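Inspection log for the structure reproduced underneath, given as structure tokens.
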Number of protein chains: 4
Amino acid sequence: MFVLVNLKAYPCDPVEVATAAHEVSESSDADVAIAPQAAAIETVAETGVETWAQHVSPNEHGSHTGSTLAEATAEAGATGTLLNHSENRLKLADIDGSLDAAERVDFDTVVCANNAEQVAAAAALGPDAVAVEPPELIGTGTPVSQADPDIVRDAVDAAAAVDESVDVYCGAGISTGEDVVAAEELGADGVLLASGVAKADDPQAALEDLVDPL
Amino acid sequence: MFVLVNLKAYPCDPVEVATAAHEVSESSDADVAIAPQAAAIETVAETGVETWAQHVSPNEHGSHTGSTLAEATAEAGATGTLLNHSENRLKLADIDGSLDAAERVDFDTVVCANNAEQVAAAAALGPDAVAVEPPELIGTGTPVSQADPDIVRDAVDAAAAVDESVDVYCGAGISTGEDVVAAEELGADGVLLASGVAKADDPQAALEDLVDPL
Amino acid sequence: MFVLVNLKAYPCDPVEVATAAHEVSESSDADVAIAPQAAAIETVAETGVETWAQHVSPNEHGSHTGSTLAEATAEAGATGTLLNHSENRLKLADIDGSLDAAERVDFDTVVCANNAEQVAAAAALGPDAVAVEPPELIGTGTPVSQADPDIVRDAVDAAAAVDESVDVYCGAGISTGEDVVAAEELGADGVLLASGVAKADDPQAALEDLVDPL
Amino acid sequence: MFVLVNLKAYPCDPVEVATAAHEVSESSDADVAIAPQAAAIETVAETGVETWAQHVSPNEHGSHTGSTLAEATAEAGATGTLLNHSENRLKLADIDGSLDAAERVDFDTVVCANNAEQVAAAAALGPDAVAVEPPELIGTGTPVSQADPDIVRDAVDAAAAVDESVDVYCGAGISTGEDVVAAEELGADGVLLASGVAKADDPQAALEDLVDPL
């Protein structure tokens, strides 16, 4: 099971969360990765944890002030990237371009989507995985697997109908080990979460609870 | 064969082009529609021609100053809309939302895309049609059917693999009857064009030439 | 006193509101203008009321699918435009470009802004007027003149410090004649409003109440 | 004289350029700063050079996946930020918000603009400096001071008319010591450059040439 912890722009200590994630990843059956702010990729990667960018631009090298170049995040230590998170929605053509950029640096890729139709569309662009994250559940603490399990099942079916090699992750509201197990039982290959770990008093304990039932 | 003439922001007389399009549509086997500026939909629709919006927003009724409400374009006489034109690329989630908006008013819909992957993604969202328009050919006068016929074939295959009920249109560089026939032979159900008609000295003659070989 | 009624994407009958606005404008000391959806500019302008666009793009004639060309809104009957409404915020360079576009067609222009600093910035671009509309008050029914009169005074001072020829309008929460008088006493040359008229059961009565104390 | 070298998304070695910039800064009358990709801020700052972000978002701590949080760039070692570069134009309200974000972390700020009107608008928002960079000259090697010296003079006057405490920098086409001197003589307090140093075979030699006549 893949567990991606998105640190967003939270006021957490990214190295503390990364260190905890690395330890849990080493001592459990889960692969835990951390997606920090671009400026923190290097210090996070130095902990040894699998490190992801929160976004990379579709641009190649060139005159693109203020964009996030895939090569720059790779150089800092990232090995994967989120794309089209509901807080950073992208144009269809730019998701396609950012996947090309990610491929240049051999990144793992997850394209987020709100519903089964968008999951199918995202899968058609050839990412490693798609994530279904109903925007109305983000940050609620109510897992999508509980609020509306059909969304996850439909997403799994929609992705498979387009491209069976694309994994499906489940986001929004995941905060306990039960949520992770429920996601797995609905067919998800991984989970995305954020505040449940990043804002926890003890991120390591939160992560251990999360992967305990696996 | 469906022929959609996109007037963009050209300095043409929309009523003159619309009148010509209506006459050609009545006297040929082609269905010719006109997509004018939103502010010109009403005068264009009054000519009797099939009238399209160039874009509708994903919004419903509400506080959305400066957006193009699907209902307002329908009230003015439009019956279809372009979406995600390369000059007006949309976020994936907004293409999905704008298709929902178009459905509220029973519009025909065409989602534009640059390549076969994006065509497949667009088809997954359930529009009536997708249009493949390689950006590098737009406005060149070199038809995509001639510059790179495989793009059209790949688009037709990609859309069919996702949803056989979605039509495929061919855009970019179409300006003669031969181009239209070539598009048809490659499997396209329609063509999108702009300057070839909108900037012609005699739009009606340009349209007659275009549909003559059908 | 200038009163601009922004119809946004509301489900109102634009012709009914426009007809009411025209009558009130003729029979009072207020100049009442209506800003409908772009697709409704023509029918609104035919009532004889002063008609505004909710937005015009910075583009000139050309290949700009889905944009709102100033010339097209002028041709349909508009004589002014809102710019940078809080529901349609623009890049600084595009406000500058849209003001140039508006000048090409001799439009009156109002650039919206959230606070005194942005009012000063907007005034530096040379519009006919700026409007201060604190986003937190929009749609609340609490007029800015009452919630925070200093914002209006500061905006008037900020605009005057940059360019004394730029008028200042007051938006957000205006719904009664008292609100209009309060705005006038704080130094505003006009008011912007929306739901108070557009969603009223009797738009003409709402407008009459609004201008009655002038 | 302040010299800001914007590394954009160029394929240069940011540490090599930063090391050169630090040495030149120590051994000349110029203050040379480097603006690398966000992911490279930490390694660049470790060279000892003054390090800038190419952009910071207007967001505070919170749920803002994929944005560039001012605090994260400060934590990595940045002490200033560019804003509204012509390759990354911002909404007026977001320039205002990003200046607030920069202030939270005590950053120096430069807001870019295309012409004197936009320079005045930017100055009204209270940055430390504004930079005039006519987009048509960026990357040309023709310095604005030579192509159109009046643009620089007008920018200096426009900024001073709004706020005398705001410095004016000159960008676009700067590549030699003569260009820097010309900018200084026109009233500029600093220069912005990019390819002239970042793409030089010998960045240190390029920087030494640049500051030599000061």
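Identifiers in the structure tokens: chain A, B, ... in order shown; residue index from 1 per chain; ligand index from 1 in order shown.
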Spatial neighbours of Val211 (chain C), max dist 9 Å, only C-alpha atoms, sep filter under 6 positions, as number ranges by chain: C: 1, 3, 24, 28-30, 176-177, 180-181
Write the residues of the selection above to a file with N, CA and C atoms, as a short mmCIF file (atom, residue, chain, number, x, y, z; two decimals), in the first residue's frame.
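Result went into out-v6.cif, see below:
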data_model
loop_
_atom_site.label_atom_id
_atom_site.label_comp_id
_atom_site.auth_asym_id
_atom_site.auth_seq_id
_atom_site.Cartn_x
_atom_site.Cartn_y
_atom_site.Cartn_z
N MET C 1 -25.40 61.22 -9.17
CA MET C 1 -24.95 59.93 -8.62
C MET C 1 -25.13 58.84 -9.67
N VAL C 3 -25.37 54.91 -10.58
CA VAL C 3 -25.78 53.64 -9.97
C VAL C 3 -25.61 52.54 -11.02
N VAL C 24 -36.39 54.67 -14.09
CA VAL C 24 -35.91 55.37 -12.88
C VAL C 24 -34.84 56.40 -13.25
N SER C 28 -35.39 60.52 -12.25
CA SER C 28 -34.70 60.85 -11.00
C SER C 28 -33.39 61.55 -11.31
N ASP C 29 -32.67 61.90 -10.24
CA ASP C 29 -31.38 62.55 -10.43
C ASP C 29 -30.24 61.55 -10.58
N ALA C 30 -30.57 60.27 -10.53
CA ALA C 30 -29.52 59.25 -10.64
C ALA C 30 -29.37 58.77 -12.08
N THR C 176 -30.11 50.05 0.11
CA THR C 176 -31.17 51.02 0.40
C THR C 176 -30.74 52.43 0.03
N GLY C 177 -31.71 53.31 0.00
CA GLY C 177 -31.43 54.71 -0.27
C GLY C 177 -30.49 55.30 0.77
N VAL C 180 -26.99 54.60 -0.13
CA VAL C 180 -26.50 55.44 -1.22
C VAL C 180 -26.13 56.82 -0.68
N VAL C 181 -26.96 57.35 0.17
CA VAL C 181 -26.68 58.68 0.77
C VAL C 181 -25.41 58.62 1.61
#
Could you list, as an mmCIF file with N, CA and C atoms, in the first residue's frame, every residue within 8 Å of region 40-55 of chain B, counting only C-alpha atoms and ignoring same-chain residues fewer than 5 positions away?
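Listing of result_12.cif after writing:
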data_model
loop_
_atom_site.group_PDB
_atom_site.id
_atom_site.type_symbol
_atom_site.label_atom_id
_atom_site.label_comp_id
_atom_site.auth_asym_id
_atom_site.auth_seq_id
_atom_site.Cartn_x
_atom_site.Cartn_y
_atom_site.Cartn_z
ATOM 1 N N ASN B 6 -15.704 29.174 -36.622
ATOM 2 C CA ASN B 6 -15.402 29.905 -35.391
ATOM 3 C C ASN B 6 -14.962 31.323 -35.748
ATOM 4 N N LYS B 8 -14.050 33.629 -33.753
ATOM 5 C CA LYS B 8 -13.039 34.139 -32.817
ATOM 6 C C LYS B 8 -13.301 35.611 -32.479
ATOM 7 N N PRO B 14 -20.383 39.495 -38.477
ATOM 8 C CA PRO B 14 -20.909 38.169 -38.134
ATOM 9 C C PRO B 14 -22.219 37.848 -38.835
ATOM 10 N N VAL B 15 -23.029 38.869 -39.088
ATOM 11 C CA VAL B 15 -24.320 38.615 -39.742
ATOM 12 C C VAL B 15 -24.110 38.222 -41.200
ATOM 13 N N ALA B 18 -22.932 34.676 -41.140
ATOM 14 C CA ALA B 18 -24.029 33.812 -40.693
ATOM 15 C C ALA B 18 -25.059 33.611 -41.796
ATOM 16 N N THR B 19 -25.388 34.682 -42.504
ATOM 17 C CA THR B 19 -26.364 34.586 -43.596
ATOM 18 C C THR B 19 -25.852 33.649 -44.682
ATOM 19 N N ALA B 21 -23.668 31.277 -44.273
ATOM 20 C CA ALA B 21 -23.621 29.916 -43.718
ATOM 21 C C ALA B 21 -24.999 29.274 -43.744
ATOM 22 N N HIS B 22 -26.000 30.089 -43.437
ATOM 23 C CA HIS B 22 -27.358 29.558 -43.438
ATOM 24 C C HIS B 22 -27.770 29.103 -44.842
ATOM 25 N N VAL B 32 -23.821 23.651 -41.491
ATOM 26 C CA VAL B 32 -22.854 24.693 -41.176
ATOM 27 C C VAL B 32 -23.356 25.491 -39.981
ATOM 28 N N ALA B 33 -22.513 25.605 -38.955
ATOM 29 C CA ALA B 33 -22.868 26.390 -37.771
ATOM 30 C C ALA B 33 -21.835 27.497 -37.574
ATOM 31 N N ILE B 34 -22.249 28.546 -36.872
ATOM 32 C CA ILE B 34 -21.395 29.725 -36.659
ATOM 33 C C ILE B 34 -21.212 29.936 -35.162
ATOM 34 N N ALA B 35 -19.952 30.154 -34.743
ATOM 35 C CA ALA B 35 -19.664 30.466 -33.336
ATOM 36 C C ALA B 35 -19.125 31.891 -33.249
ATOM 37 N N THR B 68 -19.412 33.523 -18.697
ATOM 38 C CA THR B 68 -20.404 33.312 -19.736
ATOM 39 C C THR B 68 -21.321 32.182 -19.302
ATOM 40 N N THR B 73 -26.396 32.273 -22.995
ATOM 41 C CA THR B 73 -26.130 32.073 -24.431
ATOM 42 C C THR B 73 -27.294 31.325 -25.077
ATOM 43 N N ALA B 76 -30.077 33.683 -25.808
ATOM 44 C CA ALA B 76 -29.780 34.523 -26.969
ATOM 45 C C ALA B 76 -29.888 33.744 -28.278
ATOM 46 N N GLY B 77 -29.988 32.413 -28.176
ATOM 47 C CA GLY B 77 -30.206 31.641 -29.396
ATOM 48 C C GLY B 77 -29.176 30.574 -29.715
ATOM 49 N N ALA B 78 -28.162 30.411 -28.865
ATOM 50 C CA ALA B 78 -27.164 29.371 -29.136
ATOM 51 C C ALA B 78 -27.735 27.990 -28.839
ATOM 52 N N THR B 79 -27.213 27.002 -29.543
ATOM 53 C CA THR B 79 -27.654 25.618 -29.323
ATOM 54 C C THR B 79 -26.462 24.669 -29.168
ATOM 55 N N GLY B 80 -25.263 25.223 -29.082
ATOM 56 C CA GLY B 80 -24.078 24.387 -28.900
ATOM 57 C C GLY B 80 -22.926 25.222 -28.395
ATOM 58 N N THR B 81 -21.854 24.571 -27.987
ATOM 59 C CA THR B 81 -20.688 25.326 -27.544
ATOM 60 C C THR B 81 -19.390 24.569 -27.789
ATOM 61 N N LEU B 82 -18.376 25.313 -28.210
ATOM 62 C CA LEU B 82 -16.993 24.876 -28.179
ATOM 63 C C LEU B 82 -16.521 24.921 -26.733
ATOM 64 N N LEU B 83 -15.577 24.036 -26.405
ATOM 65 C CA LEU B 83 -14.948 24.088 -25.079
ATOM 66 C C LEU B 83 -13.467 23.740 -25.231
ATOM 67 N N ASN B 84 -12.649 24.393 -24.435
ATOM 68 C CA ASN B 84 -11.224 24.054 -24.363
ATOM 69 C C ASN B 84 -10.480 24.299 -25.674
ATOM 70 N N ALA C 39 -24.039 38.046 -23.561
ATOM 71 C CA ALA C 39 -25.014 37.575 -24.550
ATOM 72 C C ALA C 39 -26.325 38.341 -24.484
ATOM 73 N N GLU C 42 -27.310 43.123 -26.118
ATOM 74 C CA GLU C 42 -28.130 43.714 -27.177
ATOM 75 C C GLU C 42 -29.572 43.936 -26.740
ATOM 76 N N THR C 65 -10.384 32.963 -29.320
ATOM 77 C CA THR C 65 -11.639 32.230 -29.089
ATOM 78 C C THR C 65 -12.064 32.306 -27.623
ATOM 79 N N GLY C 66 -13.324 32.637 -27.419
ATOM 80 C CA GLY C 66 -13.874 32.594 -26.073
ATOM 81 C C GLY C 66 -13.612 33.823 -25.236
ATOM 82 N N ALA C 72 -16.965 43.956 -29.859
ATOM 83 C CA ALA C 72 -18.203 43.177 -29.995
ATOM 84 C C ALA C 72 -19.247 43.636 -28.990
ATOM 85 N N ALA C 76 -22.864 45.607 -29.828
ATOM 86 C CA ALA C 76 -24.149 45.148 -29.278
ATOM 87 C C ALA C 76 -24.843 46.241 -28.485
#
Output as a ChimeraX atom specification all residues of region 21-141 of chain B that backbone DSSP marks as helix (DSSP H, G or I). /B:21-26,38-45,70-76,92-104,116-123,135-137
Using only C-alpha atoms, find each residue in chain A having at least one atom no more than 6 Å away from chain B; report its shortest atom-to-atom pair and that distance in Å (one decimal), rows by chain then rising number, as a Markdown table.
| residue | atom | partner | partner_atom | distance |
| --- | --- | --- | --- | --- |
| A:Leu90 | CA | B:Lys91 | CA | 5.0 |
| A:Lys91 | CA | B:Lys91 | CA | 3.5 |
| A:Leu92 | CA | B:Leu92 | CA | 4.7 |
| A:Glu117 | CA | B:Leu125 | CA | 5.4 |
| A:Ala120 | CA | B:Ala124 | CA | 5.8 |
| A:Ala121 | CA | B:Ala121 | CA | 3.8 |
| A:Ala124 | CA | B:Ala121 | CA | 5.1 |
| A:Leu125 | CA | B:Glu117 | CA | 5.4 |
Export of the given selection (C-alpha atoms) as a PDB file, in the first residue's frame:
ATOM      1  CA  LEU A  90      -4.526  22.351 -14.056  1.00  0.00           C
ATOM      2  CA  LYS A  91      -5.611  22.795 -17.631  1.00  0.00           C
ATOM      3  CA  LEU A  92      -6.080  19.486 -19.436  1.00  0.00           C
ATOM      4  CA  GLU A 117     -15.380  10.806 -15.314  1.00  0.00           C
ATOM      5  CA  ALA A 120     -11.097   8.193 -16.637  1.00  0.00           C
ATOM      6  CA  ALA A 121      -9.896  11.357 -18.388  1.00  0.00           C
ATOM      7  CA  ALA A 124      -6.188   8.413 -20.545  1.00  0.00           C
ATOM      8  CA  LEU A 125      -3.157  10.688 -20.221  1.00  0.00           C
TER       9      LEU A 125
END
Surrounding residues of Asp201 (chain C) excluding itself and chain neighbours under 5 positions, 10 Å, only C-alpha atoms, as a ChimeraX atom specification: /C:12,196,206
Can you pull out every residue within 10 Å of Asp100 (chain C), counting only C-alpha atoms, but drop anything in the same chain fewer than 2 positions away, and send it as a count of residues only? 19
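Distance-wise, CA of Ala172 (chain D) and CA of Glu208 (chain D) end up 19.0 Å apart.
We find CA of Ala198 (chain B) and CA of Leu7 (chain B) to be spaced 5.9 Å apart.
From CA of His64 (chain C) back to CA of Val152 (chain B), the distance works out to 23.9 Å.
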Near Asp202 (chain C), counting only C-alpha atoms, which residues have an atom at most 9 Å away, once you skip same-chain residues fewer than 5 positions from it, shown as a ChimeraX atom specification? /C:17,197,207
Point out the residue among C:Glu185, C:Glu178, C:Asp128, C:Glu133 with the least atom-to-atom distance to Ser165 (chain C), counting only C-alpha atoms. C:Asp128
